[in-house]
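Listing of target_18.cif; format and content: mmCIF, C-alpha atoms.
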```
data_protein
#
loop_
_atom_site.label_atom_id
_atom_site.label_comp_id
_atom_site.auth_asym_id
_atom_site.auth_seq_id
_atom_site.Cartn_x
_atom_site.Cartn_y
_atom_site.Cartn_z
CA MET A 2 -24.97 66.31 49.74
CA HIS A 3 -26.52 68.66 47.21
CA ILE A 4 -30.27 69.26 47.04
CA ILE A 5 -32.40 70.95 44.40
CA ASP A 6 -34.64 73.15 46.50
CA ASP A 7 -35.99 75.76 44.13
CA ILE A 8 -36.20 77.04 40.57
CA ALA A 9 -32.92 78.92 41.00
CA ASP A 10 -31.19 75.57 41.59
CA LEU A 11 -32.77 74.21 38.40
CA GLU A 12 -31.63 77.24 36.43
CA ARG A 13 -28.06 76.85 37.70
CA GLY A 14 -28.18 73.21 36.71
CA ILE A 15 -29.48 74.00 33.24
CA ALA A 16 -26.72 76.54 32.68
CA ALA A 17 -24.14 73.97 33.76
CA LEU A 18 -25.63 71.34 31.43
CA VAL A 19 -25.52 73.67 28.42
CA ARG A 20 -21.87 74.42 29.17
CA ALA A 21 -21.08 70.71 29.49
CA ASP A 22 -23.09 69.56 26.48
CA ALA A 23 -24.18 72.09 23.85
CA ARG A 24 -26.90 69.71 22.66
CA PHE A 25 -29.00 70.83 25.62
CA GLU A 26 -29.24 74.41 24.38
CA PRO A 27 -31.89 73.83 21.65
CA VAL A 28 -33.69 71.38 23.93
CA VAL A 29 -34.00 73.93 26.72
CA ALA A 30 -35.03 76.55 24.17
CA LYS A 31 -38.10 74.40 23.56
CA THR A 32 -38.87 73.23 27.09
CA GLY A 33 -37.91 76.26 29.13
CA CYS A 34 -37.11 75.61 32.77
CA PRO A 35 -38.92 72.40 33.75
CA PRO A 36 -41.28 72.44 36.74
CA LEU A 37 -39.84 71.63 40.16
CA ARG A 38 -41.99 68.76 41.34
CA ARG A 39 -41.18 67.03 44.60
CA SER A 40 -42.97 64.05 46.13
CA GLU A 41 -43.10 63.29 49.83
CA ALA A 42 -40.26 61.15 51.12
CA GLY A 43 -40.54 58.01 53.20
CA TYR A 44 -42.98 55.13 52.99
CA ARG A 45 -45.66 56.83 50.92
CA GLY A 46 -43.04 58.17 48.54
CA VAL A 47 -41.73 54.69 47.74
CA MET A 48 -45.28 53.32 47.56
CA LYS A 49 -46.09 55.90 44.90
CA ILE A 50 -42.99 54.93 42.94
CA ILE A 51 -44.01 51.27 43.12
CA ALA A 52 -47.38 52.28 41.66
CA GLY A 53 -45.52 53.75 38.69
CA GLN A 54 -43.25 50.81 37.94
CA GLN A 55 -43.53 49.52 34.37
CA VAL A 56 -46.69 51.48 33.54
CA SER A 57 -47.59 54.77 31.86
CA LYS A 58 -47.96 57.97 33.82
CA ALA A 59 -51.75 57.84 33.44
CA SER A 60 -51.91 54.24 34.65
CA ALA A 61 -49.63 55.04 37.58
CA ALA A 62 -51.91 57.90 38.64
CA ALA A 63 -54.95 55.64 38.47
CA ILE A 64 -53.25 52.90 40.50
CA TRP A 65 -52.18 55.44 43.12
CA VAL A 66 -55.74 56.65 43.58
CA ARG A 67 -56.90 53.08 44.11
CA MET A 68 -54.04 52.41 46.53
CA GLU A 69 -54.93 55.43 48.62
CA GLU A 70 -58.48 54.15 48.90
CA ALA A 71 -57.89 50.41 49.33
CA LEU A 72 -54.87 50.63 51.65
CA ALA A 73 -55.99 53.57 53.81
CA PRO A 74 -54.53 54.57 56.11
CA MET A 75 -51.38 53.96 54.10
CA GLU A 76 -49.11 53.33 57.03
CA PRO A 77 -46.77 50.34 57.46
CA GLY A 78 -48.49 49.01 60.58
CA HIS A 79 -51.87 48.95 58.85
CA VAL A 80 -50.70 47.72 55.44
CA ALA A 81 -48.81 44.85 57.10
CA LYS A 82 -52.14 43.42 58.31
CA LEU A 83 -53.91 43.51 54.94
CA ASP A 84 -54.61 40.39 52.90
CA GLU A 85 -54.09 39.70 49.21
CA ALA A 86 -57.62 40.84 48.34
CA ALA A 87 -56.89 44.37 49.59
CA PHE A 88 -53.79 44.60 47.40
CA ARG A 89 -55.68 43.34 44.39
CA ALA A 90 -58.42 45.88 45.07
CA ALA A 91 -55.71 48.53 44.96
CA GLY A 92 -54.93 47.51 41.39
CA LEU A 93 -51.53 46.05 42.23
CA SER A 94 -49.98 43.36 40.06
CA GLY A 95 -48.12 40.41 41.57
CA PRO A 96 -44.68 42.06 41.31
CA LYS A 97 -46.02 45.29 42.83
CA ILE A 98 -47.58 43.36 45.71
CA LYS A 99 -44.23 41.70 46.43
CA ALA A 100 -42.53 45.10 46.42
CA VAL A 101 -45.13 46.60 48.77
CA LYS A 102 -44.83 43.66 51.14
CA ALA A 103 -41.03 43.79 51.13
CA LEU A 104 -41.03 47.53 51.80
CA THR A 105 -43.64 47.27 54.55
CA GLU A 106 -41.88 44.35 56.24
CA ALA A 107 -38.53 46.14 56.20
CA ILE A 108 -40.04 49.11 58.01
CA THR A 109 -42.14 47.19 60.54
CA GLN A 110 -39.17 44.97 61.42
CA GLY A 111 -36.90 47.97 61.86
CA ASP A 112 -34.62 47.16 58.94
CA LEU A 113 -35.36 50.41 57.09
CA ASP A 114 -35.40 53.84 58.71
CA PHE A 115 -36.29 56.60 56.26
CA GLU A 116 -35.27 59.41 58.61
CA ALA A 117 -31.79 57.94 58.93
CA LEU A 118 -31.70 57.16 55.21
CA GLU A 119 -32.30 60.80 54.31
CA ALA A 120 -28.95 61.70 55.87
CA GLU A 121 -27.07 59.11 53.79
CA ASP A 122 -25.31 59.73 50.49
CA ASP A 123 -26.91 58.76 47.18
CA GLN A 124 -25.19 55.39 46.90
CA ALA A 125 -26.17 54.35 50.41
CA VAL A 126 -29.80 55.31 49.79
CA SER A 127 -29.82 53.38 46.53
CA ASP A 128 -28.21 50.31 48.11
CA SER A 129 -30.74 50.25 50.96
CA LEU A 130 -33.72 50.50 48.63
CA CYS A 131 -32.38 48.04 46.05
CA ALA A 132 -31.91 45.48 48.84
CA LEU A 133 -35.70 45.20 48.93
CA LYS A 134 -37.43 42.71 46.63
CA GLY A 135 -39.14 44.54 43.81
CA ILE A 136 -37.13 47.76 44.21
CA GLY A 137 -34.52 48.22 41.49
CA PRO A 138 -32.19 50.96 40.29
CA TRP A 139 -34.95 52.87 38.48
CA SER A 140 -37.11 53.06 41.61
CA ALA A 141 -34.16 54.03 43.79
CA GLU A 142 -33.00 56.77 41.43
CA VAL A 143 -36.51 58.17 41.07
CA TYR A 144 -36.77 58.25 44.88
CA LEU A 145 -33.49 60.15 45.11
CA LEU A 146 -34.62 62.59 42.42
CA THR A 147 -38.28 63.23 43.21
CA CYS A 148 -38.51 62.54 46.95
CA LEU A 149 -35.12 63.62 48.28
CA GLY A 150 -34.34 66.25 45.66
CA ARG A 151 -30.80 65.01 45.08
CA ARG A 152 -29.21 66.82 42.15
CA ASP A 153 -27.24 63.98 40.59
CA ALA A 154 -29.71 61.07 40.49
CA TRP A 155 -30.04 59.42 37.10
CA PRO A 156 -32.85 56.93 36.29
CA GLY A 157 -31.31 56.06 32.94
CA GLY A 158 -33.50 52.98 32.54
CA ASP A 159 -36.58 55.18 32.20
CA LEU A 160 -38.22 54.62 28.82
CA ALA A 161 -39.42 58.21 28.45
CA LEU A 162 -35.90 59.52 29.09
CA GLN A 163 -34.49 57.15 26.50
CA ILE A 164 -37.03 58.16 23.87
CA ALA A 165 -36.51 61.85 24.61
CA ALA A 166 -32.71 61.53 24.45
CA ALA A 167 -32.88 59.76 21.09
CA GLU A 168 -35.10 62.46 19.60
CA ALA A 169 -33.47 65.47 21.26
CA PHE A 170 -29.91 64.47 20.37
CA GLY A 171 -30.64 62.96 16.96
CA LEU A 172 -29.47 59.46 17.89
CA ALA A 173 -29.82 56.63 15.39
CA ALA A 174 -31.49 54.36 17.95
CA ARG A 175 -33.06 54.60 21.38
CA PRO A 176 -30.22 54.28 23.92
CA ASP A 177 -30.49 51.57 26.55
CA ALA A 178 -29.70 52.04 30.23
CA LYS A 179 -25.99 51.32 29.69
CA VAL A 180 -25.65 53.85 26.90
CA MET A 181 -27.67 56.39 28.91
CA ALA A 182 -25.31 55.95 31.86
CA GLU A 183 -22.28 56.52 29.65
CA MET A 184 -23.85 59.56 28.00
CA ALA A 185 -24.82 61.09 31.33
CA GLU A 186 -21.30 60.96 32.78
CA ALA A 187 -20.61 64.33 31.14
CA TRP A 188 -23.62 65.82 32.93
CA ARG A 189 -22.46 65.19 36.48
CA PRO A 190 -23.19 66.58 39.02
CA TRP A 191 -26.46 67.78 37.47
CA ARG A 192 -27.94 64.57 36.07
CA SER A 193 -31.21 65.09 37.94
CA VAL A 194 -31.67 68.36 36.07
CA ALA A 195 -30.86 66.60 32.80
CA ALA A 196 -33.59 64.07 33.60
CA ARG A 197 -36.09 66.83 34.31
CA VAL A 198 -35.26 68.60 31.05
CA LEU A 199 -35.57 65.39 29.03
CA TRP A 200 -38.87 64.49 30.73
CA ALA A 201 -40.13 67.95 29.82
CA TYR A 202 -38.99 67.39 26.24
CA TYR A 203 -40.76 64.03 26.17
CA ALA A 204 -43.94 65.73 27.35
CA LEU A 205 -43.67 68.18 24.45
CA MET A 206 -43.15 65.31 22.05
CA ALA A 207 -46.27 63.61 23.38
CA GLY A 208 -48.24 66.87 23.25
CA ARG A 209 -48.80 66.92 26.98
CA GLN A 210 -48.75 69.81 29.41
CA ASP A 211 -47.84 67.71 32.49
CA GLN A 212 -44.08 67.63 32.27
CA GLY A 213 -42.04 65.15 34.25
CA LEU A 214 -42.91 62.23 36.47
#
```
Exercise: express the given structure as structure tokens:
Amino acid sequence: MHIIDDIADLERGIAALVRADARFEPVVAKTGCPPLRRSEAGYRGVMKIIAGQQVSKASAAAIWVRMEEALAPMEPGHVAKLDEAAFRAAGLSGPKIKAVKALTEAITQGDLDFEALEAEDDQAVSDSLCALKGIGPWSAEVYLLTCLGRRDAWPGGDLALQIAAAEAFGLAARPDAKVMAEMAEAWRPWRSVAARVLWAYYALMAGRQDQGL
């Protein structure tokens, strides 16, 4: 499997993207090389992704702070013993609570082993995570991209990516996940780099300095 470990990997990916799709050249001219941000893998990594489901980046950051306080220590054995009030105190909605419980139960019952999962290919990782209630393709792809550093993950259902793609490529309408998947076929095996570039472009559009997830 191929991992993006450093800025040199990102630069190789950007060069490959520009060769594959010339529309990236003016985009990269504006964004430069996007930052290489990696999140920790495993339980806490997925918990952080759950915090970010269906909310803005600012809201996700605020929920994560509350989770770290209300669920501490954020370990499966401890979280499994918490009641509904603790989850509510963490700022978690009903769907997020279900996802946290499903994830925690899978680990405590031995159905999910993150160390073993890290050695699996992208599809196997995605299948294992999507088998959990409340974990869908977006969450699985973001885990592959940000936590495992896989170079060809593609969270095409991400709203920011869709908005950025529409603006960057002059599309008539914001592409949905299906259209994004079709568009990104030409960017294999560097779709993770494409996502990072488009997130950086979205940040520029929004006038932010914090590029990416």
(request) Check the smallest atom-to-atom distance from each of A:Ser40, A:Thr109, A:Gln54, A:Thr32 to Gly158 of chain A using all atoms listed in the file, then report the winner. (result)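 Closest to Gly158 of chain A of all the choices is A:Gln54.
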(request) Could you give me, as a list in words, the residues that sit within 9 Å of (-34.1, 64.7, 46.2) in the file's coordinates, counting all atoms listed in the file? (result) His3, Ile4, Ile5, Asp6, Arg39, Ser40, Ala42, Val143, Tyr144, Leu145, Leu146, Thr147, Cys148, Leu149, Gly150, Arg151, Arg152, Asp153, Ala154 and Ser193 of chain A
(request) For the structure shown, which residues end up in the PyMOL selection byres ((chain A and resi 176) around 12)? Put them as a ChimeraX atom specification, please? (result) /A:157-175,177-185
(request) Kindly give the distance, in Å, that separates atom CA of Gly111 of chain A and atom CA of Leu83 of chain A, rounded to a single decimal. (result)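 Separation between atom CA of Gly111 of chain A and atom CA of Leu83 of chain A: 18.9 Å.
Considering only C-alpha atoms, the residue among A:Val19, A:Met2, A:Ala132, A:Leu37 positioned nearest to Trp200 of chain A is A:Leu37.
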(request) Have a look at atom CA of Cys34 of chain A and atom CA of Ser60 of chain A and let me know their distance in Å, one decimal. (result) 26.1 Å
(request) Name the residues that the PyMOL selection byres ((chain A and resi 15) around 10) pulls out of this structure, and write them as number ranges by chain. (result) A: 9-14, 16-21, 25-26, 29, 33-35, 191-192, 194-195, 197-198
(message) Evaluate the PyMOL selection byres ((chain A and resi 97) around 8) against this structure - the residues, as a VMD selection string, please.
(response) chain A and resid 51 to 52 54 93 to 96 98 to 101 135
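The coordinates place atom CA of Ala187 of chain A at 16.5 Å from atom CA of Val28 of chain A.
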(request) Mind checking which residues fall within 12 Å of Ala90 of chain A, counting only C-alpha atoms, ignoring those fewer than 5 positions away in the same chain, and posting them as a list in words? (result)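 Those residues are Ile64, Trp65, Val66, Arg67, Met68, Glu69, Glu70, Ala71, Leu72, Ala73, Leu83, Asp84, Glu85 and Ile98 of chain A.
Closest approach to Ile108 of chain A among A:Ala23, A:Ala196, A:Ala81, A:Ala63: A:Ala81, based on only C-alpha atoms.
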(message) Restricting the calculation to all atoms listed in the file: of A:Asp128, A:Ala204, A:Pro36, A:Trp155, which residue gets closest to Arg189 of chain A?
(response) A:Trp155
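The residue that comes closest to Gly137 of chain A, out of A:Lys102, A:Asp7, A:Ile50, A:Leu199 and on the basis of only C-alpha atoms, is A:Ile50.
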